[in-house]
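Engineer: Here you go, this is final-v1.cif (mmCIF, C-alpha atoms).
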```cif
data_entry
#
loop_
_atom_site.group_PDB
_atom_site.id
_atom_site.type_symbol
_atom_site.label_atom_id
_atom_site.label_comp_id
_atom_site.auth_asym_id
_atom_site.auth_seq_id
_atom_site.Cartn_x
_atom_site.Cartn_y
_atom_site.Cartn_z
ATOM 1 C CA MET J 1022 81.791 67.083 154.624
ATOM 2 C CA ASN J 1023 78.771 64.828 154.645
ATOM 3 C CA SER J 1024 75.615 65.876 152.822
ATOM 4 C CA PRO J 1025 72.851 67.063 155.170
ATOM 5 C CA SER J 1026 69.792 64.842 155.508
ATOM 6 C CA ASP J 1027 66.281 65.081 156.840
ATOM 7 C CA THR J 1028 67.576 63.926 160.227
ATOM 8 C CA LEU J 1029 70.124 66.726 160.355
ATOM 9 C CA ASP J 1030 71.114 67.918 163.835
ATOM 10 C CA LEU J 1031 70.899 71.674 163.302
ATOM 11 C CA GLN J 1032 72.955 72.607 166.366
ATOM 12 C CA PHE J 1033 75.730 70.255 165.278
ATOM 13 C CA TYR J 1034 75.590 71.695 161.765
ATOM 14 C CA LEU J 1035 75.794 75.271 163.078
ATOM 15 C CA ARG J 1036 78.720 74.444 165.379
ATOM 16 C CA GLU J 1037 80.553 72.689 162.552
ATOM 17 C CA ARG J 1038 80.094 75.574 160.121
ATOM 18 C CA LYS J 1039 80.927 78.150 162.777
ATOM 19 C CA ILE J 1040 84.235 76.394 163.454
ATOM 20 C CA LEU J 1041 84.911 76.318 159.714
ATOM 21 C CA VAL J 1042 84.257 80.064 159.373
ATOM 22 C CA GLU J 1043 86.251 81.015 162.452
ATOM 23 C CA GLN J 1044 89.237 78.942 161.374
ATOM 24 C CA ALA J 1045 89.119 80.662 157.994
ATOM 25 C CA LEU J 1046 89.007 84.063 159.725
ATOM 26 C CA ILE J 1047 91.980 83.112 161.914
ATOM 27 C CA ASN J 1048 93.901 81.979 158.828
ATOM 28 C CA GLN J 1049 93.178 85.271 157.095
ATOM 29 C CA LEU J 1050 94.225 87.260 160.173
ATOM 30 C CA ASP J 1051 97.441 85.252 160.462
ATOM 31 C CA ALA J 1052 98.173 85.927 156.802
ATOM 32 C CA CYS J 1053 98.123 89.665 157.594
ATOM 33 C CA GLY J 1054 101.279 89.308 159.664
ATOM 34 C CA ARG J 1055 102.040 90.383 163.202
ATOM 35 C CA TRP J 1056 98.650 91.897 164.035
ATOM 36 C CA GLN J 1057 99.328 91.673 167.763
ATOM 37 C CA GLU J 1058 101.737 94.630 167.525
ATOM 38 C CA SER J 1059 99.181 97.003 165.977
ATOM 39 C CA ARG J 1060 96.493 98.647 168.106
ATOM 40 C CA LEU J 1061 94.256 98.871 165.049
ATOM 41 C CA GLN J 1062 94.594 95.171 164.279
ATOM 42 C CA GLN J 1063 94.104 94.311 167.942
ATOM 43 C CA ALA J 1064 90.773 96.143 167.856
ATOM 44 C CA MET J 1065 89.807 94.424 164.601
ATOM 45 C CA HIS J 1066 90.685 91.037 166.074
ATOM 46 C CA TYR J 1067 88.890 91.822 169.353
ATOM 47 C CA SER J 1068 85.573 92.527 167.653
ATOM 48 C CA LEU J 1069 85.851 89.998 164.845
ATOM 49 C CA MET J 1070 86.661 87.085 167.167
ATOM 50 C CA ALA J 1071 84.337 88.076 170.027
ATOM 51 C CA GLY J 1072 81.907 85.290 169.244
ATOM 52 C CA GLY J 1073 78.532 85.624 167.607
ATOM 53 C CA LYS J 1074 76.466 83.227 165.553
ATOM 54 C CA ARG J 1075 78.335 83.746 162.224
ATOM 55 C CA LEU J 1076 74.873 83.615 160.671
ATOM 56 C CA ARG J 1077 75.661 85.419 157.426
ATOM 57 C CA PRO J 1078 78.672 83.317 156.448
ATOM 58 C CA ILE J 1079 76.830 80.147 157.498
ATOM 59 C CA LEU J 1080 73.888 81.120 155.287
ATOM 60 C CA LEU J 1081 76.314 81.679 152.422
ATOM 61 C CA LEU J 1082 77.907 78.260 152.918
ATOM 62 C CA ALA J 1083 74.524 76.556 153.303
ATOM 63 C CA CYS J 1084 73.248 78.077 150.045
ATOM 64 C CA CYS J 1085 76.449 77.026 148.278
ATOM 65 C CA GLU J 1086 75.928 73.465 149.538
ATOM 66 C CA ALA J 1087 72.227 73.549 148.653
ATOM 67 C CA VAL J 1088 73.088 73.745 144.946
ATOM 68 C CA GLY J 1089 75.900 71.191 145.175
ATOM 69 C CA GLY J 1090 78.833 73.575 145.548
ATOM 70 C CA GLU J 1091 82.083 73.181 147.502
ATOM 71 C CA THR J 1092 82.337 75.266 150.670
ATOM 72 C CA VAL J 1093 86.069 75.865 150.216
ATOM 73 C CA ARG J 1094 85.399 78.142 147.239
ATOM 74 C CA ALA J 1095 82.881 80.153 149.257
ATOM 75 C CA LEU J 1096 85.003 80.767 152.370
ATOM 76 C CA PRO J 1097 86.689 84.045 151.260
ATOM 77 C CA PHE J 1098 83.298 85.613 150.582
ATOM 78 C CA ALA J 1099 81.987 84.139 153.840
ATOM 79 C CA CYS J 1100 84.831 85.811 155.740
ATOM 80 C CA ALA J 1101 84.158 89.058 153.893
ATOM 81 C CA LEU J 1102 80.531 89.026 154.997
ATOM 82 C CA GLU J 1103 81.497 88.514 158.629
ATOM 83 C CA CYS J 1104 83.935 91.432 158.401
ATOM 84 C CA ILE J 1105 81.209 93.690 157.003
ATOM 85 C CA HIS J 1106 78.752 92.584 159.678
ATOM 86 C CA THR J 1107 81.312 93.135 162.455
ATOM 87 C CA TYR J 1108 82.203 96.596 161.162
ATOM 88 C CA SER J 1109 78.511 97.511 161.213
ATOM 89 C CA LEU J 1110 78.211 96.356 164.836
ATOM 90 C CA ILE J 1111 81.260 98.381 165.911
ATOM 91 C CA HIS J 1112 79.810 101.522 164.341
ATOM 92 C CA ASP J 1113 76.258 100.805 165.590
ATOM 93 C CA ASP J 1114 77.562 100.654 169.164
ATOM 94 C CA LEU J 1115 79.290 104.056 169.020
ATOM 95 C CA PRO J 1116 77.983 106.941 171.189
ATOM 96 C CA ALA J 1117 76.761 108.793 168.087
ATOM 97 C CA MET J 1118 74.647 105.771 167.111
ATOM 98 C CA ASP J 1119 73.227 103.337 169.701
ATOM 99 C CA ASN J 1120 75.735 104.150 172.479
ATOM 100 C CA ASP J 1121 75.927 100.560 173.732
ATOM 101 C CA ASP J 1122 78.359 99.277 176.347
ATOM 102 C CA LEU J 1123 78.038 95.535 175.676
ATOM 103 C CA ARG J 1124 78.258 93.423 172.551
ATOM 104 C CA ARG J 1125 78.247 89.623 172.655
ATOM 105 C CA GLY J 1126 78.658 89.790 176.428
ATOM 106 C CA GLN J 1127 81.858 91.855 176.264
ATOM 107 C CA PRO J 1128 82.648 95.577 176.329
ATOM 108 C CA THR J 1129 81.974 97.163 172.955
ATOM 109 C CA CYS J 1130 84.991 98.084 170.855
ATOM 110 C CA HIS J 1131 84.935 101.774 171.776
ATOM 111 C CA ARG J 1132 84.712 100.858 175.472
ATOM 112 C CA GLN J 1133 87.550 98.340 175.261
ATOM 113 C CA PHE J 1134 89.772 100.708 173.257
ATOM 114 C CA ASP J 1135 88.494 104.213 172.446
ATOM 115 C CA GLU J 1136 86.136 105.863 169.964
ATOM 116 C CA GLY J 1137 88.762 106.752 167.404
ATOM 117 C CA THR J 1138 90.219 103.248 167.378
ATOM 118 C CA ALA J 1139 86.754 101.731 167.106
ATOM 119 C CA ILE J 1140 85.850 103.908 164.117
ATOM 120 C CA LEU J 1141 89.079 102.991 162.353
ATOM 121 C CA ALA J 1142 88.706 99.292 163.214
ATOM 122 C CA GLY J 1143 85.277 99.347 161.577
ATOM 123 C CA ASP J 1144 86.670 101.160 158.544
ATOM 124 C CA ALA J 1145 89.506 98.659 158.262
ATOM 125 C CA LEU J 1146 87.193 95.639 158.511
ATOM 126 C CA LEU J 1147 84.941 97.030 155.780
ATOM 127 C CA THR J 1148 87.783 97.618 153.348
ATOM 128 C CA TRP J 1149 89.490 94.329 154.256
ATOM 129 C CA ALA J 1150 86.251 92.527 153.416
ATOM 130 C CA PHE J 1151 86.560 93.511 149.770
ATOM 131 C CA GLU J 1152 90.239 92.585 149.740
ATOM 132 C CA LEU J 1153 89.253 89.108 150.935
ATOM 133 C CA ALA J 1154 86.418 88.724 148.422
ATOM 134 C CA ALA J 1155 88.609 89.937 145.560
ATOM 135 C CA GLN J 1156 91.371 87.365 146.045
ATOM 136 C CA SER J 1157 91.931 84.793 143.319
ATOM 137 C CA LEU J 1158 89.487 81.903 143.578
ATOM 138 C CA PRO J 1159 90.361 78.850 141.436
ATOM 139 C CA GLY J 1160 87.670 77.986 138.943
ATOM 140 C CA LEU J 1161 85.616 81.138 139.537
ATOM 141 C CA PRO J 1162 85.171 83.225 136.362
ATOM 142 C CA GLY J 1163 86.475 86.753 136.834
ATOM 143 C CA GLU J 1164 83.291 88.278 135.424
ATOM 144 C CA LEU J 1165 81.156 86.431 137.985
ATOM 145 C CA GLN J 1166 83.457 87.453 140.832
ATOM 146 C CA LEU J 1167 83.259 91.092 139.739
ATOM 147 C CA THR J 1168 79.459 90.890 139.600
ATOM 148 C CA LEU J 1169 79.304 89.399 143.103
ATOM 149 C CA LEU J 1170 81.662 92.067 144.452
ATOM 150 C CA ARG J 1171 79.441 94.793 143.008
ATOM 151 C CA GLN J 1172 76.310 93.182 144.444
ATOM 152 C CA LEU J 1173 77.989 92.829 147.846
ATOM 153 C CA ALA J 1174 78.940 96.530 147.798
ATOM 154 C CA GLN J 1175 75.370 97.491 146.911
ATOM 155 C CA ALA J 1176 73.972 95.372 149.744
ATOM 156 C CA ALA J 1177 76.387 96.890 152.270
ATOM 157 C CA GLY J 1178 76.163 100.517 151.172
ATOM 158 C CA GLN J 1179 73.732 103.377 150.656
ATOM 159 C CA HIS J 1180 71.218 101.246 148.775
ATOM 160 C CA GLY J 1181 71.321 98.498 151.420
ATOM 161 C CA MET J 1182 72.533 98.237 155.006
ATOM 162 C CA VAL J 1183 73.978 101.738 155.493
ATOM 163 C CA GLY J 1184 70.971 103.342 153.825
ATOM 164 C CA GLY J 1185 68.701 101.341 156.111
ATOM 165 C CA GLN J 1186 70.688 102.431 159.151
ATOM 166 C CA MET J 1187 70.216 106.058 158.119
ATOM 167 C CA LEU J 1188 66.467 105.547 157.792
ATOM 168 C CA ASP J 1189 66.474 103.860 161.196
ATOM 169 C CA LEU J 1190 68.168 106.870 162.791
ATOM 170 C CA LEU J 1191 65.724 109.271 161.168
ATOM 171 C CA ALA J 1192 62.776 107.178 162.383
ATOM 172 C CA GLU J 1193 63.644 107.387 166.093
ATOM 173 C CA GLY J 1194 60.789 108.946 167.999
ATOM 174 C CA GLN J 1195 58.360 108.515 165.098
ATOM 175 C CA THR J 1196 55.434 106.156 164.702
ATOM 176 C CA LEU J 1197 55.907 104.273 161.440
ATOM 177 C CA SER J 1198 53.503 102.248 159.381
ATOM 178 C CA LEU J 1199 54.229 98.554 158.946
ATOM 179 C CA ALA J 1200 55.312 99.185 155.337
ATOM 180 C CA GLU J 1201 57.693 101.985 156.366
ATOM 181 C CA MET J 1202 59.234 99.814 159.080
ATOM 182 C CA GLN J 1203 59.650 96.867 156.706
ATOM 183 C CA ASN J 1204 61.405 99.140 154.199
ATOM 184 C CA ILE J 1205 63.979 99.977 156.864
ATOM 185 C CA HIS J 1206 64.451 96.348 157.870
ATOM 186 C CA VAL J 1207 64.712 95.040 154.305
ATOM 187 C CA ARG J 1208 67.718 97.304 153.927
ATOM 188 C CA LYS J 1209 69.273 97.549 157.392
ATOM 189 C CA THR J 1210 69.102 93.860 158.323
ATOM 190 C CA GLY J 1211 67.784 92.042 155.279
ATOM 191 C CA ALA J 1212 70.236 93.250 152.644
ATOM 192 C CA LEU J 1213 73.230 91.336 154.031
ATOM 193 C CA LEU J 1214 71.163 88.215 154.724
ATOM 194 C CA ARG J 1215 69.750 88.287 151.193
ATOM 195 C CA ILE J 1216 73.159 88.817 149.577
ATOM 196 C CA SER J 1217 74.627 85.987 151.682
ATOM 197 C CA CYS J 1218 72.180 83.608 150.025
ATOM 198 C CA LEU J 1219 72.594 85.037 146.528
ATOM 199 C CA ILE J 1220 76.396 84.855 146.671
ATOM 200 C CA GLY J 1221 76.375 81.355 148.156
ATOM 201 C CA ALA J 1222 74.066 80.043 145.445
ATOM 202 C CA SER J 1223 76.127 81.755 142.731
ATOM 203 C CA LEU J 1224 79.459 80.445 144.031
ATOM 204 C CA GLY J 1225 77.969 76.960 144.261
ATOM 205 C CA GLY J 1226 77.126 76.994 140.567
ATOM 206 C CA GLY J 1227 73.364 77.233 141.022
ATOM 207 C CA SER J 1228 71.058 77.602 138.040
ATOM 208 C CA PRO J 1229 69.294 80.962 137.520
ATOM 209 C CA GLN J 1230 66.132 79.440 139.016
ATOM 210 C CA GLN J 1231 67.980 78.090 142.060
ATOM 211 C CA ILE J 1232 69.698 81.447 142.621
ATOM 212 C CA LYS J 1233 66.308 83.174 142.388
ATOM 213 C CA GLN J 1234 64.784 80.737 144.896
ATOM 214 C CA LEU J 1235 67.612 81.064 147.403
ATOM 215 C CA THR J 1236 67.624 84.847 147.069
ATOM 216 C CA ARG J 1237 63.909 84.862 147.851
ATOM 217 C CA TYR J 1238 64.644 82.604 150.823
ATOM 218 C CA GLY J 1239 67.163 85.183 152.042
ATOM 219 C CA GLU J 1240 64.631 87.997 151.743
ATOM 220 C CA ALA J 1241 61.982 86.137 153.734
ATOM 221 C CA PHE J 1242 64.557 84.897 156.252
ATOM 222 C CA GLY J 1243 65.750 88.472 156.774
ATOM 223 C CA LEU J 1244 62.286 89.739 157.669
ATOM 224 C CA ALA J 1245 61.628 86.784 159.978
ATOM 225 C CA PHE J 1246 65.004 87.349 161.644
ATOM 226 C CA GLN J 1247 64.292 91.038 162.254
ATOM 227 C CA ILE J 1248 60.854 90.342 163.717
ATOM 228 C CA THR J 1249 62.264 87.771 166.137
ATOM 229 C CA ASP J 1250 65.081 90.198 166.956
ATOM 230 C CA ASP J 1251 62.508 92.843 167.873
ATOM 231 C CA ILE J 1252 60.648 90.301 170.013
ATOM 232 C CA LEU J 1253 63.860 89.345 171.822
ATOM 233 C CA ASP J 1254 64.584 93.014 172.516
ATOM 234 C CA GLU J 1255 61.320 93.001 174.468
ATOM 235 C CA THR J 1256 61.476 89.579 176.101
ATOM 236 C CA GLY J 1257 65.055 88.263 175.854
ATOM 237 C CA ASP J 1258 67.361 87.102 178.629
ATOM 238 C CA PRO J 1259 70.390 89.448 178.830
ATOM 239 C CA ALA J 1260 72.641 86.517 179.796
ATOM 240 C CA LEU J 1261 71.754 84.692 176.568
ATOM 241 C CA MET J 1262 71.668 87.745 174.316
ATOM 242 C CA GLY J 1263 74.988 89.225 175.406
ATOM 243 C CA LYS J 1264 73.425 92.706 175.559
ATOM 244 C CA SER J 1265 70.740 94.539 177.487
ATOM 245 C CA PRO J 1266 67.177 94.166 176.149
ATOM 246 C CA GLY J 1267 64.767 97.086 175.870
ATOM 247 C CA SER J 1268 67.100 99.368 173.911
ATOM 248 C CA ASP J 1269 64.590 99.875 171.086
ATOM 249 C CA ARG J 1270 61.879 101.175 173.421
ATOM 250 C CA LYS J 1271 64.373 103.489 175.126
ATOM 251 C CA LYS J 1272 65.146 105.030 171.735
ATOM 252 C CA ALA J 1273 61.430 105.231 170.880
ATOM 253 C CA LYS J 1274 61.877 103.041 167.809
ATOM 254 C CA SER J 1275 58.989 101.521 165.902
ATOM 255 C CA THR J 1276 59.298 97.736 166.143
ATOM 256 C CA TYR J 1277 57.010 94.828 165.334
ATOM 257 C CA PRO J 1278 55.927 94.332 168.981
ATOM 258 C CA VAL J 1279 55.306 98.081 169.355
ATOM 259 C CA ILE J 1280 53.213 98.349 166.185
ATOM 260 C CA LEU J 1281 51.531 94.937 166.172
ATOM 261 C CA GLY J 1282 51.762 93.702 169.753
ATOM 262 C CA LEU J 1283 53.697 90.585 170.755
ATOM 263 C CA PRO J 1284 51.122 87.950 169.685
ATOM 264 C CA GLN J 1285 50.692 89.401 166.194
ATOM 265 C CA ALA J 1286 54.447 89.970 165.866
ATOM 266 C CA ARG J 1287 55.000 86.279 166.556
ATOM 267 C CA GLU J 1288 52.389 85.406 163.921
ATOM 268 C CA GLU J 1289 54.104 87.716 161.424
ATOM 269 C CA ALA J 1290 57.401 85.930 162.088
ATOM 270 C CA ARG J 1291 55.706 82.581 161.481
ATOM 271 C CA ILE J 1292 54.314 83.814 158.134
ATOM 272 C CA TRP J 1293 57.758 84.885 156.911
ATOM 273 C CA VAL J 1294 59.363 81.630 158.086
ATOM 274 C CA GLU J 1295 56.756 79.773 156.060
ATOM 275 C CA GLU J 1296 57.550 82.012 153.081
ATOM 276 C CA ALA J 1297 61.250 81.186 153.445
ATOM 277 C CA GLU J 1298 60.507 77.467 153.501
ATOM 278 C CA ASN J 1299 58.247 77.779 150.450
ATOM 279 C CA ALA J 1300 61.105 79.385 148.535
ATOM 280 C CA LEU J 1301 63.060 76.131 148.902
ATOM 281 C CA LYS J 1302 60.398 74.072 147.133
ATOM 282 C CA ASP J 1303 61.846 71.479 144.724
ATOM 283 C CA LEU J 1304 65.407 71.937 146.013
ATOM 284 C CA SER J 1305 67.140 68.733 147.079
ATOM 285 C CA GLU J 1306 67.788 67.470 150.607
ATOM 286 C CA THR J 1307 71.005 69.482 150.638
ATOM 287 C CA SER J 1308 68.806 72.520 151.395
ATOM 288 C CA GLN J 1309 67.617 70.962 154.664
ATOM 289 C CA PRO J 1310 69.897 73.144 156.852
ATOM 290 C CA LEU J 1311 68.183 76.204 155.388
ATOM 291 C CA ARG J 1312 64.740 74.846 156.208
ATOM 292 C CA LEU J 1313 65.754 74.090 159.779
ATOM 293 C CA LEU J 1314 67.468 77.462 160.166
ATOM 294 C CA ALA J 1315 64.275 79.251 159.174
ATOM 295 C CA ARG J 1316 62.194 77.209 161.633
ATOM 296 C CA HIS J 1317 64.754 77.818 164.348
ATOM 297 C CA LEU J 1318 64.042 81.562 164.188
ATOM 298 C CA LEU J 1319 60.707 80.973 165.904
ATOM 299 C CA SER J 1320 62.389 79.521 168.990
ATOM 300 C CA ARG J 1321 65.632 81.500 169.094
ATOM 301 C CA THR J 1322 66.806 82.928 172.402
ATOM 302 C CA SER J 1323 69.736 85.031 171.218
#
```
Show me, as structure tokens, the structure contained in the file I just sent.

Structural biologist:
Amino acid sequence: MNSPSDTLDLQFYLRERKILVEQALINQLDACGRWQESRLQQAMHYSLMAGGKRLRPILLLACCEAVGGETVRALPFACALECIHTYSLIHDDLPAMDNDDLRRGQPTCHRQFDEGTAILAGDALLTWAFELAAQSLPGLPGELQLTLLRQLAQAAGQHGMVGGQMLDLLAEGQTLSLAEMQNIHVRKTGALLRISCLIGASLGGGSPQQIKQLTRYGEAFGLAFQITDDILDETGDPALMGKSPGSDRKKAKSTYPVILGLPQAREEARIWVEEAENALKDLSETSQPLRLLARHLLSRTS
């Protein structure tokens, strides 16, 4: 693939990388055998291939490219991240959690199938993610792969995303401080975005300083993403979002617009986007997609 430049067309870049990720997911699904005959695998396929931005795997690939790495080495981990993200969405949508009927403009997994199947599809996607990430990758030292697997598990589990989801449930109906809300978001949303960048930079052969910079980018990007997500829940177009807005207010959740108001929430998003861009200082032009991705958060509609 061509190296990105300052005149990069971000939408073209995102489409190109999305196609790359989805083809890799299809290849991995095909390698599993005759999934069409299994209700469980049908549910996995339904949710995994229902669309979406593929943001986490694209971030991973972009960080790999930013340090001069080859995307082909990063694809198994990219697929693993999308599986973990999809499993979290399936479980988030369940009646015991957010009780949502739509995801990405289609019936949620438990509506399309049933609750039991949806729970098991999420479980299967989570465990399959680590099977994908653990496969042999030519040229990748085993010790590094083991370290990345451990870090991925930490980001997805009780110390990261799942722990943040628990805090989010406990916070419903409460008025949180900004610091308390950020602690939830750093874990619930930010952990997977941060680890996407760390893994991508590591797989690309980045130096310790480059890995540190791109990890910091992921942290700032994660907060900016969550703030804009909260704003969209207040102001978004259901047709573009693929789900009904206003769900956070219905659950009496503390969000950036609720605590800060919309104008200040938008300013907070701008501050974190600027922080993400600053983290890329001194990196070469191959990091341009990351810069544009961060800026794009301020104008996103879905």

Engineer: Would you list the contacts of Thr1249 in chain J as a VMD selection string, taking every protein, DNA or RNA residue within 12 Å and counting all atoms listed in the file, but skipping same-chain residues closer than 5 positions in sequence?

Structural biologist: chain J and resid 1242 to 1244 1254 to 1257 1276 to 1278 1283 to 1294 1315 to 1323

Engineer: When the PyMOL selection byres ((chain J and resi 1079) around 10) is applied to the file above, which residues end up in the set, as a PDB file with C-alpha atoms, in the frame of the given file?

Structural biologist:
```pdb
ATOM      1  CA  TYR J1034      75.590  71.695 161.765  1.00  0.00           C
ATOM      2  CA  LEU J1035      75.794  75.271 163.078  1.00  0.00           C
ATOM      3  CA  ARG J1036      78.720  74.444 165.379  1.00  0.00           C
ATOM      4  CA  GLU J1037      80.553  72.689 162.552  1.00  0.00           C
ATOM      5  CA  ARG J1038      80.094  75.574 160.121  1.00  0.00           C
ATOM      6  CA  LYS J1039      80.927  78.150 162.777  1.00  0.00           C
ATOM      7  CA  LEU J1041      84.911  76.318 159.714  1.00  0.00           C
ATOM      8  CA  VAL J1042      84.257  80.064 159.373  1.00  0.00           C
ATOM      9  CA  LYS J1074      76.466  83.227 165.553  1.00  0.00           C
ATOM     10  CA  ARG J1075      78.335  83.746 162.224  1.00  0.00           C
ATOM     11  CA  LEU J1076      74.873  83.615 160.671  1.00  0.00           C
ATOM     12  CA  ARG J1077      75.661  85.419 157.426  1.00  0.00           C
ATOM     13  CA  PRO J1078      78.672  83.317 156.448  1.00  0.00           C
ATOM     14  CA  LEU J1080      73.888  81.120 155.287  1.00  0.00           C
ATOM     15  CA  LEU J1081      76.314  81.679 152.422  1.00  0.00           C
ATOM     16  CA  LEU J1082      77.907  78.260 152.918  1.00  0.00           C
ATOM     17  CA  ALA J1083      74.524  76.556 153.303  1.00  0.00           C
ATOM     18  CA  CYS J1084      73.248  78.077 150.045  1.00  0.00           C
ATOM     19  CA  CYS J1085      76.449  77.026 148.278  1.00  0.00           C
ATOM     20  CA  LEU J1096      85.003  80.767 152.370  1.00  0.00           C
ATOM     21  CA  ALA J1099      81.987  84.139 153.840  1.00  0.00           C
ATOM     22  CA  CYS J1100      84.831  85.811 155.740  1.00  0.00           C
ATOM     23  CA  LEU J1102      80.531  89.026 154.997  1.00  0.00           C
ATOM     24  CA  GLU J1103      81.497  88.514 158.629  1.00  0.00           C
ATOM     25  CA  SER J1217      74.627  85.987 151.682  1.00  0.00           C
ATOM     26  CA  CYS J1218      72.180  83.608 150.025  1.00  0.00           C
ATOM     27  CA  GLY J1221      76.375  81.355 148.156  1.00  0.00           C
ATOM     28  CA  PRO J1310      69.897  73.144 156.852  1.00  0.00           C
ATOM     29  CA  LEU J1311      68.183  76.204 155.388  1.00  0.00           C
TER      30      LEU J1311
END
```

Engineer: When you draw a straight line from CA of Gly1185 in chain J to CA of Leu1219 in chain J, how long is it in Å?

Structural biologist: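 Answer for the CA of Gly1185 in chain J to CA of Leu1219 in chain J separation: 19.3 Å.
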
Engineer: Using only C-alpha atoms, which protein or nucleic acid residues come within 8 Å of range 1204-1209 of chain J? Drop anything in the same chain fewer than 2 positions from it, and give the result as a list in words.

Structural biologist: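 Once the nearby chain positions are removed, what remains is Ala1176, His1180, Gly1181, Met1182, Val1183, Gly1184, Gly1185, Gln1186, Leu1188, Asp1189, Ala1200, Glu1201, Met1202, Gly1211, Ala1212, Glu1240, Gly1243, Leu1244 and Gln1247 of chain J.
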
Engineer: What do you get, as a VMD selection string, if you spell out every residue that the PyMOL selection byres ((chain J and resi 1223) around 9) selects here?

Structural biologist: chain J and resid 1084 to 1085 1088 1165 1169 1218 to 1222 1224 to 1229 1231 to 1232

Engineer: Please produce a file of the residues just selected, as a PDB file, in the coordinates of the input, where the atoms kept are C-alpha atoms.

Structural biologist:
```
ATOM      1  CA  CYS J1084      73.248  78.077 150.045  1.00  0.00           C
ATOM      2  CA  CYS J1085      76.449  77.026 148.278  1.00  0.00           C
ATOM      3  CA  VAL J1088      73.088  73.745 144.946  1.00  0.00           C
ATOM      4  CA  LEU J1165      81.156  86.431 137.985  1.00  0.00           C
ATOM      5  CA  LEU J1169      79.304  89.399 143.103  1.00  0.00           C
ATOM      6  CA  CYS J1218      72.180  83.608 150.025  1.00  0.00           C
ATOM      7  CA  LEU J1219      72.594  85.037 146.528  1.00  0.00           C
ATOM      8  CA  ILE J1220      76.396  84.855 146.671  1.00  0.00           C
ATOM      9  CA  GLY J1221      76.375  81.355 148.156  1.00  0.00           C
ATOM     10  CA  ALA J1222      74.066  80.043 145.445  1.00  0.00           C
ATOM     11  CA  LEU J1224      79.459  80.445 144.031  1.00  0.00           C
ATOM     12  CA  GLY J1225      77.969  76.960 144.261  1.00  0.00           C
ATOM     13  CA  GLY J1226      77.126  76.994 140.567  1.00  0.00           C
ATOM     14  CA  GLY J1227      73.364  77.233 141.022  1.00  0.00           C
ATOM     15  CA  SER J1228      71.058  77.602 138.040  1.00  0.00           C
ATOM     16  CA  PRO J1229      69.294  80.962 137.520  1.00  0.00           C
ATOM     17  CA  GLN J1231      67.980  78.090 142.060  1.00  0.00           C
ATOM     18  CA  ILE J1232      69.698  81.447 142.621  1.00  0.00           C
TER      19      ILE J1232
END
```

Engineer: Could you please determine the separation between CA of Gly1160 in chain J and CA of Arg1094 in chain J in Å, to one decimal place?

Structural biologist: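 If I compute the distance from CA of Gly1160 in chain J to CA of Arg1094 in chain J, I get 8.6 Å.
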
Engineer: For each of J:Leu1069, J:Leu1153, J:Leu1253, J:Leu1158, take the minimum atom-to-atom distance to His1106 in chain J, counting only C-alpha atoms, then give the residue where this is smallest.

Structural biologist: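 The closest residue to His1106 in chain J is J:Leu1069.
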
Engineer: Using CA of Asp1113 in chain J and CA of Gly1126 in chain J as the two end points, give the distance in Å to one decimal.

Structural biologist: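 Separation of CA of Asp1113 in chain J and CA of Gly1126 in chain J: 15.6 Å.
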
Engineer: Name every residue that the PyMOL selection byres ((chain J and resi 1302) around 12) selects in this structure, writing the answer as a compact mmCIF listing (two decimals) with C-alpha atoms, in the coordinates of the input with chains first and numbers rising.

Structural biologist:
```
# COMPACT_ATOMS: atom_id res chain seq x y z
CA ALA J 1087 72.23 73.55 148.65
CA GLN J 1230 66.13 79.44 139.02
CA GLN J 1231 67.98 78.09 142.06
CA LYS J 1233 66.31 83.17 142.39
CA GLN J 1234 64.78 80.74 144.90
CA LEU J 1235 67.61 81.06 147.40
CA ARG J 1237 63.91 84.86 147.85
CA TYR J 1238 64.64 82.60 150.82
CA GLU J 1295 56.76 79.77 156.06
CA GLU J 1296 57.55 82.01 153.08
CA ALA J 1297 61.25 81.19 153.44
CA GLU J 1298 60.51 77.47 153.50
CA ASN J 1299 58.25 77.78 150.45
CA ALA J 1300 61.10 79.39 148.54
CA LEU J 1301 63.06 76.13 148.90
CA ASP J 1303 61.85 71.48 144.72
CA LEU J 1304 65.41 71.94 146.01
CA SER J 1305 67.14 68.73 147.08
CA GLU J 1306 67.79 67.47 150.61
CA SER J 1308 68.81 72.52 151.40
CA GLN J 1309 67.62 70.96 154.66
CA LEU J 1311 68.18 76.20 155.39
CA ARG J 1312 64.74 74.85 156.21
```

Engineer: What lies within 12 Å of Pro1159 in chain J using only C-alpha atoms, ignoring chain neighbours under 3 positions off, as a VMD selection string?

Structural biologist: chain J and resid 1091 1093 to 1095 1097 1155 to 1156 1162 to 1163 1166 1224

Engineer: Please identify all polymer residues within 10 Å of Ile1140 in chain J, counting only C-alpha atoms, omitting same-chain residues fewer than 3 positions from it, and present them as a count of residues only.

Structural biologist: 14

Engineer: Of the candidates J:Leu1199, J:Leu1314, J:Leu1123, J:Ala1150, which shows the shortest atom-to-atom distance to Gln1049 in chain J, using all atoms listed in the file?

Structural biologist: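 Looking only at the distances to Gln1049 in chain J, the closest residue turns out to be J:Ala1150.
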